[in-house]
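Asks: So here's work17.pdb, just PDB, C-alpha atoms, pLDDT in the B column:
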```
ATOM      1  CA  MET A  78       0.000   0.000   0.000  1.00 56.00           C
ATOM      2  CA  ARG A  79       2.764   2.411   0.923  1.00 65.00           C
ATOM      3  CA  SER A  80       4.729   1.513  -2.207  1.00 72.00           C
ATOM      4  CA  SER A  81       1.741   2.202  -4.462  1.00 78.00           C
ATOM      5  CA  TYR A  82       1.151   5.541  -2.700  1.00 77.00           C
ATOM      6  CA  LEU A  83       4.800   6.423  -3.203  1.00 81.00           C
ATOM      7  CA  LEU A  84       4.633   5.507  -6.877  1.00 84.00           C
ATOM      8  CA  ARG A  85       1.538   7.676  -7.331  1.00 85.00           C
ATOM      9  CA  ARG A  86       3.230  10.606  -5.645  1.00 84.00           C
ATOM     10  CA  LEU A  87       6.351  10.193  -7.775  1.00 85.00           C
ATOM     11  CA  ALA A  88       4.256   9.971 -10.946  1.00 86.00           C
ATOM     12  CA  LEU A  89       2.354  13.110  -9.916  1.00 87.00           C
ATOM     13  CA  ALA A  90       5.617  14.953  -9.177  1.00 86.00           C
ATOM     14  CA  LEU A  91       6.969  13.918 -12.587  1.00 86.00           C
ATOM     15  CA  LEU A  92       3.785  15.127 -14.275  1.00 88.00           C
ATOM     16  CA  VAL A  93       4.005  18.472 -12.476  1.00 87.00           C
ATOM     17  CA  LEU A  94       7.668  18.798 -13.461  1.00 84.00           C
ATOM     18  CA  ILE A  95       6.914  18.088 -17.121  1.00 84.00           C
ATOM     19  CA  SER A  96       3.999  20.546 -17.046  1.00 86.00           C
ATOM     20  CA  VAL A  97       6.156  23.299 -15.529  1.00 84.00           C
ATOM     21  CA  THR A  98       8.925  22.832 -18.082  1.00 82.00           C
ATOM     22  CA  ALA A  99       6.397  22.743 -20.938  1.00 83.00           C
ATOM     23  CA  VAL A 100       4.678  25.937 -19.784  1.00 84.00           C
ATOM     24  CA  THR A 101       8.034  27.676 -19.251  1.00 80.00           C
ATOM     25  CA  PHE A 102       9.182  26.640 -22.716  1.00 80.00           C
ATOM     26  CA  LEU A 103       5.953  27.713 -24.426  1.00 79.00           C
ATOM     27  CA  VAL A 104       5.800  31.072 -22.632  1.00 78.00           C
ATOM     28  CA  ALA A 105       9.355  31.826 -23.767  1.00 72.00           C
ATOM     29  CA  ARG A 106       8.338  31.030 -27.353  1.00 72.00           C
ATOM     30  CA  VAL A 107       5.053  32.973 -27.541  1.00 70.00           C
ATOM     31  CA  VAL A 108       6.318  36.297 -26.153  1.00 69.00           C
ATOM     32  CA  PRO A 109       6.128  39.095 -28.756  1.00 65.00           C
ATOM     33  CA  SER A 110       9.868  39.813 -28.745  1.00 69.00           C
ATOM     34  CA  ASP A 111      12.175  37.798 -30.989  1.00 72.00           C
ATOM     35  CA  PRO A 112      14.916  36.012 -28.976  1.00 73.00           C
ATOM     36  CA  ALA A 113      17.127  35.818 -32.062  1.00 75.00           C
ATOM     37  CA  ALA A 114      16.909  39.582 -32.609  1.00 75.00           C
ATOM     38  CA  LEU A 115      17.688  40.184 -28.936  1.00 73.00           C
ATOM     39  CA  TYR A 116      20.659  37.836 -29.083  1.00 73.00           C
ATOM     40  CA  ALA A 117      21.988  39.410 -32.285  1.00 74.00           C
ATOM     41  CA  GLY A 118      22.426  42.774 -30.556  1.00 71.00           C
ATOM     42  CA  GLN A 119      21.200  46.275 -31.186  1.00 75.00           C
ATOM     43  CA  ARG A 120      19.905  47.104 -34.682  1.00 78.00           C
ATOM     44  CA  PRO A 121      20.762  43.701 -36.175  1.00 78.00           C
ATOM     45  CA  THR A 122      20.523  43.017 -39.873  1.00 80.00           C
ATOM     46  CA  PRO A 123      18.221  40.273 -41.195  1.00 81.00           C
ATOM     47  CA  GLU A 124      21.304  38.151 -41.920  1.00 82.00           C
ATOM     48  CA  GLN A 125      22.510  38.489 -38.317  1.00 81.00           C
ATOM     49  CA  ILE A 126      19.061  37.550 -36.995  1.00 80.00           C
ATOM     50  CA  ALA A 127      18.953  34.499 -39.268  1.00 83.00           C
ATOM     51  CA  ALA A 128      22.434  33.448 -38.112  1.00 83.00           C
ATOM     52  CA  ALA A 129      21.422  33.866 -34.477  1.00 80.00           C
ATOM     53  CA  ARG A 130      18.227  31.847 -35.060  1.00 80.00           C
ATOM     54  CA  ASP A 131      20.286  29.058 -36.612  1.00 81.00           C
ATOM     55  CA  ARG A 132      22.845  29.127 -33.781  1.00 79.00           C
ATOM     56  CA  LEU A 133      20.151  29.012 -31.097  1.00 76.00           C
ATOM     57  CA  GLY A 134      18.199  26.313 -32.891  1.00 79.00           C
ATOM     58  CA  LEU A 135      15.091  28.483 -33.187  1.00 77.00           C
ATOM     59  CA  ASP A 136      14.600  27.501 -36.817  1.00 77.00           C
ATOM     60  CA  ARG A 137      13.901  23.878 -35.881  1.00 82.00           C
ATOM     61  CA  PRO A 138      10.446  22.388 -35.201  1.00 83.00           C
ATOM     62  CA  LEU A 139       8.951  23.234 -31.820  1.00 81.00           C
ATOM     63  CA  TYR A 140       9.039  19.683 -30.471  1.00 82.00           C
ATOM     64  CA  ILE A 141      12.718  19.379 -31.385  1.00 84.00           C
ATOM     65  CA  GLN A 142      13.433  22.606 -29.519  1.00 83.00           C
ATOM     66  CA  TYR A 143      11.539  21.287 -26.489  1.00 85.00           C
ATOM     67  CA  LEU A 144      13.409  17.962 -26.449  1.00 85.00           C
ATOM     68  CA  ARG A 145      16.697  19.829 -26.765  1.00 83.00           C
ATOM     69  CA  PHE A 146      15.607  22.127 -23.931  1.00 82.00           C
ATOM     70  CA  ILE A 147      14.796  19.126 -21.680  1.00 83.00           C
ATOM     71  CA  GLY A 148      18.108  17.453 -22.530  1.00 83.00           C
ATOM     72  CA  ASP A 149      20.069  20.604 -21.684  1.00 80.00           C
ATOM     73  CA  VAL A 150      18.217  21.006 -18.369  1.00 79.00           C
ATOM     74  CA  LEU A 151      18.925  17.372 -17.409  1.00 81.00           C
ATOM     75  CA  ARG A 152      22.623  17.967 -18.077  1.00 80.00           C
ATOM     76  CA  GLY A 153      22.559  21.142 -15.990  1.00 76.00           C
ATOM     77  CA  GLU A 154      23.062  23.303 -19.078  1.00 76.00           C
ATOM     78  CA  LEU A 155      20.668  26.240 -18.806  1.00 75.00           C
ATOM     79  CA  GLY A 156      21.856  27.942 -21.967  1.00 74.00           C
ATOM     80  CA  THR A 157      23.050  31.483 -22.615  1.00 72.00           C
ATOM     81  CA  SER A 158      21.251  34.651 -21.645  1.00 73.00           C
ATOM     82  CA  TYR A 159      19.987  36.519 -24.692  1.00 68.00           C
ATOM     83  CA  LYS A 160      20.606  39.813 -22.907  1.00 69.00           C
ATOM     84  CA  THR A 161      23.949  39.435 -21.085  1.00 70.00           C
ATOM     85  CA  ARG A 162      25.479  36.854 -23.461  1.00 71.00           C
ATOM     86  CA  HIS A 163      26.720  35.021 -20.358  1.00 75.00           C
ATOM     87  CA  ALA A 164      25.924  31.463 -19.361  1.00 78.00           C
ATOM     88  CA  ILE A 165      22.676  31.501 -17.378  1.00 78.00           C
ATOM     89  CA  LEU A 166      24.250  29.280 -14.725  1.00 80.00           C
ATOM     90  CA  ALA A 167      27.030  31.849 -14.275  1.00 78.00           C
ATOM     91  CA  ASP A 168      24.437  34.633 -13.900  1.00 78.00           C
ATOM     92  CA  VAL A 169      22.563  32.528 -11.338  1.00 79.00           C
ATOM     93  CA  ARG A 170      25.765  31.980  -9.357  1.00 77.00           C
ATOM     94  CA  ALA A 171      26.468  35.726  -9.464  1.00 75.00           C
ATOM     95  CA  PHE A 172      23.031  36.874  -8.296  1.00 76.00           C
ATOM     96  CA  LEU A 173      21.950  33.966  -6.078  1.00 80.00           C
ATOM     97  CA  PRO A 174      23.944  35.058  -2.976  1.00 79.00           C
ATOM     98  CA  ALA A 175      22.198  38.452  -2.942  1.00 75.00           C
ATOM     99  CA  THR A 176      18.803  36.772  -3.257  1.00 79.00           C
ATOM    100  CA  LEU A 177      19.551  34.246  -0.503  1.00 81.00           C
ATOM    101  CA  GLU A 178      20.919  37.003   1.726  1.00 77.00           C
ATOM    102  CA  LEU A 179      17.671  38.929   1.312  1.00 76.00           C
ATOM    103  CA  VAL A 180      15.518  35.817   1.887  1.00 79.00           C
ATOM    104  CA  ILE A 181      17.403  34.862   5.058  1.00 80.00           C
ATOM    105  CA  ALA A 182      17.291  38.413   6.434  1.00 76.00           C
ATOM    106  CA  SER A 183      13.575  38.801   5.673  1.00 76.00           C
ATOM    107  CA  THR A 184      12.820  35.421   7.274  1.00 82.00           C
ATOM    108  CA  LEU A 185      14.691  36.423  10.412  1.00 81.00           C
ATOM    109  CA  LEU A 186      12.849  39.745  10.466  1.00 78.00           C
ATOM    110  CA  ALA A 187       9.517  37.941  10.136  1.00 78.00           C
ATOM    111  CA  LEU A 188      10.415  35.611  12.998  1.00 83.00           C
ATOM    112  CA  VAL A 189      11.703  38.369  15.269  1.00 83.00           C
ATOM    113  CA  VAL A 190       8.937  40.904  14.580  1.00 82.00           C
ATOM    114  CA  GLY A 191       5.996  39.138  12.964  1.00 82.00           C
ATOM    115  CA  LEU A 192       5.774  36.062  15.178  1.00 84.00           C
ATOM    116  CA  PRO A 193       5.790  37.898  18.539  1.00 86.00           C
ATOM    117  CA  ALA A 194       3.370  40.499  17.152  1.00 85.00           C
ATOM    118  CA  GLY A 195       0.983  37.756  16.038  1.00 84.00           C
ATOM    119  CA  VAL A 196       1.182  35.994  19.406  1.00 85.00           C
ATOM    120  CA  MET A 197       0.572  39.242  21.310  1.00 87.00           C
ATOM    121  CA  ALA A 198      -2.340  40.152  19.040  1.00 84.00           C
ATOM    122  CA  GLY A 199      -3.869  36.714  19.572  1.00 84.00           C
ATOM    123  CA  ALA A 200      -3.396  36.889  23.330  1.00 85.00           C
ATOM    124  CA  ARG A 201      -4.961  40.384  23.478  1.00 84.00           C
ATOM    125  CA  ARG A 202      -7.803  39.811  21.068  1.00 85.00           C
ATOM    126  CA  GLY A 203      -9.954  42.883  20.602  1.00 82.00           C
ATOM    127  CA  SER A 204      -7.362  45.267  22.050  1.00 87.00           C
ATOM    128  CA  TRP A 205      -5.902  48.278  20.250  1.00 88.00           C
ATOM    129  CA  PHE A 206      -2.735  46.250  19.512  1.00 86.00           C
ATOM    130  CA  ASP A 207      -4.784  43.513  17.852  1.00 85.00           C
ATOM    131  CA  HIS A 208      -6.632  46.046  15.687  1.00 86.00           C
ATOM    132  CA  ALA A 209      -3.404  47.878  14.803  1.00 87.00           C
ATOM    133  CA  THR A 210      -1.524  44.740  13.738  1.00 86.00           C
ATOM    134  CA  ARG A 211      -4.550  43.547  11.783  1.00 86.00           C
ATOM    135  CA  LEU A 212      -4.823  46.923  10.034  1.00 86.00           C
ATOM    136  CA  LEU A 213      -1.125  46.924   9.159  1.00 83.00           C
ATOM    137  CA  SER A 214      -1.313  43.350   7.858  1.00 82.00           C
ATOM    138  CA  ILE A 215      -4.352  44.061   5.683  1.00 84.00           C
ATOM    139  CA  ALA A 216      -2.808  47.291   4.407  1.00 80.00           C
ATOM    140  CA  GLY A 217       0.440  45.529   3.536  1.00 76.00           C
ATOM    141  CA  VAL A 218      -1.406  42.885   1.517  1.00 77.00           C
ATOM    142  CA  SER A 219      -3.957  45.224  -0.091  1.00 80.00           C
ATOM    143  CA  LEU A 220      -1.879  48.247  -1.127  1.00 78.00           C
ATOM    144  CA  PRO A 221      -0.208  48.081  -4.573  1.00 80.00           C
ATOM    145  CA  THR A 222       3.365  46.937  -3.990  1.00 74.00           C
ATOM    146  CA  PHE A 223       4.898  49.238  -6.604  1.00 75.00           C
ATOM    147  CA  TRP A 224       3.208  52.278  -5.042  1.00 80.00           C
ATOM    148  CA  LEU A 225       4.107  51.342  -1.466  1.00 76.00           C
ATOM    149  CA  ALA A 226       7.735  50.658  -2.443  1.00 74.00           C
ATOM    150  CA  LEU A 227       7.985  54.113  -4.065  1.00 78.00           C
ATOM    151  CA  ILE A 228       6.467  55.766  -0.982  1.00 80.00           C
ATOM    152  CA  LEU A 229       8.962  54.018   1.311  1.00 76.00           C
ATOM    153  CA  GLN A 230      11.834  55.032  -0.957  1.00 74.00           C
ATOM    154  CA  LEU A 231      10.660  58.647  -0.904  1.00 79.00           C
ATOM    155  CA  LEU A 232      10.333  58.526   2.871  1.00 79.00           C
ATOM    156  CA  PHE A 233      13.531  56.739   3.925  1.00 72.00           C
ATOM    157  CA  PHE A 234      15.789  58.013   1.124  1.00 70.00           C
ATOM    158  CA  GLY A 235      14.287  61.282  -0.072  1.00 70.00           C
ATOM    159  CA  ARG A 236      12.987  62.735   3.208  1.00 72.00           C
ATOM    160  CA  LEU A 237      14.893  61.095   6.038  1.00 73.00           C
ATOM    161  CA  GLY A 238      18.115  60.216   4.191  1.00 66.00           C
ATOM    162  CA  LEU A 239      18.473  57.045   6.275  1.00 63.00           C
ATOM    163  CA  LEU A 240      18.683  54.401   3.561  1.00 62.00           C
ATOM    164  CA  PRO A 241      20.344  54.329   0.118  1.00 60.00           C
ATOM    165  CA  LEU A 242      18.314  54.162  -3.055  1.00 63.00           C
ATOM    166  CA  SER A 243      19.955  51.240  -4.868  1.00 64.00           C
ATOM    167  CA  GLY A 244      22.901  48.862  -4.983  1.00 64.00           C
ATOM    168  CA  ARG A 245      24.323  46.333  -2.519  1.00 66.00           C
ATOM    169  CA  ILE A 246      27.134  48.688  -1.453  1.00 68.00           C
ATOM    170  CA  SER A 247      27.827  52.371  -2.000  1.00 64.00           C
ATOM    171  CA  ASN A 248      30.278  53.691  -4.593  1.00 65.00           C
ATOM    172  CA  ALA A 249      32.589  54.998  -1.855  1.00 65.00           C
ATOM    173  CA  ILE A 250      32.833  51.561  -0.247  1.00 67.00           C
ATOM    174  CA  ALA A 251      33.370  49.913  -3.629  1.00 65.00           C
ATOM    175  CA  LEU A 252      36.280  52.288  -4.311  1.00 66.00           C
ATOM    176  CA  PHE A 253      37.993  52.625  -0.927  1.00 68.00           C
ATOM    177  CA  ASN A 254      36.864  49.601   1.110  1.00 68.00           C
ATOM    178  CA  PRO A 255      35.937  46.918  -1.431  1.00 71.00           C
ATOM    179  CA  ILE A 256      34.604  43.634  -0.132  1.00 74.00           C
ATOM    180  CA  GLN A 257      36.854  40.657  -0.776  1.00 73.00           C
ATOM    181  CA  PRO A 258      34.596  37.996  -2.341  1.00 71.00           C
ATOM    182  CA  LEU A 259      34.695  34.738  -0.391  1.00 71.00           C
ATOM    183  CA  THR A 260      31.161  33.372  -0.249  1.00 74.00           C
ATOM    184  CA  GLY A 261      29.260  35.948  -2.340  1.00 71.00           C
ATOM    185  CA  PHE A 262      27.289  37.051   0.745  1.00 74.00           C
ATOM    186  CA  TYR A 263      28.409  40.624   1.355  1.00 73.00           C
ATOM    187  CA  LEU A 264      27.554  40.680   5.060  1.00 73.00           C
ATOM    188  CA  VAL A 265      29.390  37.394   5.648  1.00 74.00           C
ATOM    189  CA  ASP A 266      32.400  38.331   3.509  1.00 74.00           C
ATOM    190  CA  ALA A 267      32.766  41.721   5.184  1.00 74.00           C
ATOM    191  CA  LEU A 268      32.504  40.071   8.610  1.00 73.00           C
ATOM    192  CA  LEU A 269      35.080  37.379   7.806  1.00 75.00           C
ATOM    193  CA  THR A 270      37.585  39.945   6.499  1.00 76.00           C
ATOM    194  CA  GLY A 271      36.957  42.478   9.276  1.00 74.00           C
ATOM    195  CA  ASN A 272      35.785  45.127   6.826  1.00 71.00           C
ATOM    196  CA  TRP A 273      33.448  46.870   9.264  1.00 71.00           C
ATOM    197  CA  ALA A 274      32.825  49.937   7.092  1.00 70.00           C
ATOM    198  CA  ALA A 275      31.637  47.704   4.261  1.00 69.00           C
ATOM    199  CA  TRP A 276      29.626  45.565   6.709  1.00 64.00           C
ATOM    200  CA  ARG A 277      27.737  48.598   8.021  1.00 69.00           C
ATOM    201  CA  ASP A 278      27.135  49.840   4.480  1.00 68.00           C
ATOM    202  CA  ALA A 279      25.881  46.439   3.317  1.00 68.00           C
ATOM    203  CA  GLU A 280      23.681  46.124   6.402  1.00 65.00           C
ATOM    204  CA  ILE A 281      22.007  49.481   5.698  1.00 63.00           C
ATOM    205  CA  ARG A 282      21.371  48.515   2.100  1.00 64.00           C
ATOM    206  CA  GLU A 283      20.057  45.128   3.215  1.00 64.00           C
ATOM    207  CA  LEU A 284      17.543  46.977   5.371  1.00 64.00           C
ATOM    208  CA  ARG A 285      16.413  48.937   2.312  1.00 61.00           C
ATOM    209  CA  GLU A 286      15.951  45.708   0.389  1.00 61.00           C
ATOM    210  CA  LEU A 287      13.946  44.291   3.276  1.00 61.00           C
ATOM    211  CA  LEU A 288      11.614  47.287   3.203  1.00 58.00           C
ATOM    212  CA  GLU A 289      11.102  46.861  -0.528  1.00 56.00           C
ATOM    213  CA  ALA A 290      10.609  43.105  -0.164  1.00 56.00           C
ATOM    214  CA  ALA A 291       8.050  43.648   2.574  1.00 52.00           C
ATOM    215  CA  CYS A 292       5.959  45.553   0.038  1.00 49.00           C
ATOM    216  CA  ARG A 293       5.895  42.710  -2.487  1.00 51.00           C
TER     217      ARG A 293
END
```
Output the file's structure in the form of structure tokens.
Replies:
Amino acid sequence: MRSSYLLRRLALALLVLISVTAVTFLVARVVPSDPAALYAGQRPTPEQIAAARDRLGLDRPLYIQYLRFIGDVLRGELGTSYKTRHAILADVRAFLPATLELVIASTLLALVVGLPAGVMAGARRGSWFDHATRLLSIAGVSLPTFWLALILQLLFFGRLGLLPLSGRISNAIALFNPIQPLTGFYLVDALLTGNWAAWRDAEIRELRELLEAACR
């Protein structure tokens, strides 16, 4: 009985995986922009677009492209970015530490702030604290994220000058106190190398990212 249940779950997981890859593949093929034209560069000639389409295999039948796509994914080959011209796996390795750093920091913030606030609101049901936390939660979910993110940027950067507007580190730190890359996590790398100026700068910018992420 358990073996049949396991087989059903594995078959369902395989079906979901095939469906996700098929949808991802089809969405990439039905978008209005031409991947070959994007890969060929700015203002490409028809000959350059045709050469790019041949190099990327976009001139082959759709099912052949899909089978090639599945084969590349199984080998861990994610292809080349049409925009950066770099291997997608290399781009993932470059940007993944920043994403994980933000996810870990936001999770810790949710545990430190959100969990106690939820427990206190539940313990004091009907109190002003319960109503306030409920109002903030509903507002955070209901307000348009792009609008709320802009308002927070105007407040903390434009008015108060407490947080930077963009980037993982400031230009001054990048020039005079650059972070030595060890793990790709700026806070960890700055801590391991004792670069406290860069650590403080990265921490402030991480807080800005957390505010923006809280609005999404």
Asks: What are the nearest atom pairs, with distances in Å to one decimal, for all residues of stretch 167-254 of chain A that come at most 10 Å from stretch 138-161 of chain A, using only C-alpha atoms, set out by chain and rising residue number as a Markdown table?
Replies:
```
| residue | atom | partner | partner_atom | distance |
| --- | --- | --- | --- | --- |
| A:Ala167 | CA | A:Thr157 | CA | 9.2 |
| A:Asp168 | CA | A:Ser158 | CA | 8.4 |
| A:Val169 | CA | A:Leu155 | CA | 9.9 |
```
Asks: To one decimal place in Å, what is the distance between atom CA of A:His163 and atom CA of A:Tyr116?
Replies: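 About the pair atom CA of A:His163 and atom CA of A:Tyr116: they are 11.0 Å apart.
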Asks: Calculate how many Å separate atom CA of A:Ala114 from atom CA of A:Ala128, rounding to one decimal.
Replies: 9.9 Å
Asks: Quick one: distance from atom CA of A:Ala171 to atom CA of A:Phe262 in Å, one decimal?
Replies: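 Computing it gives 10.3 Å between the two atoms.
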Asks: Would you please work out which residue, of A:Leu188, A:Val180, A:Ala127, A:Ala226, is nearest to A:Asp111 when using all atoms listed in the file?
Replies: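 Smallest distance to A:Asp111 is found for A:Ala127.
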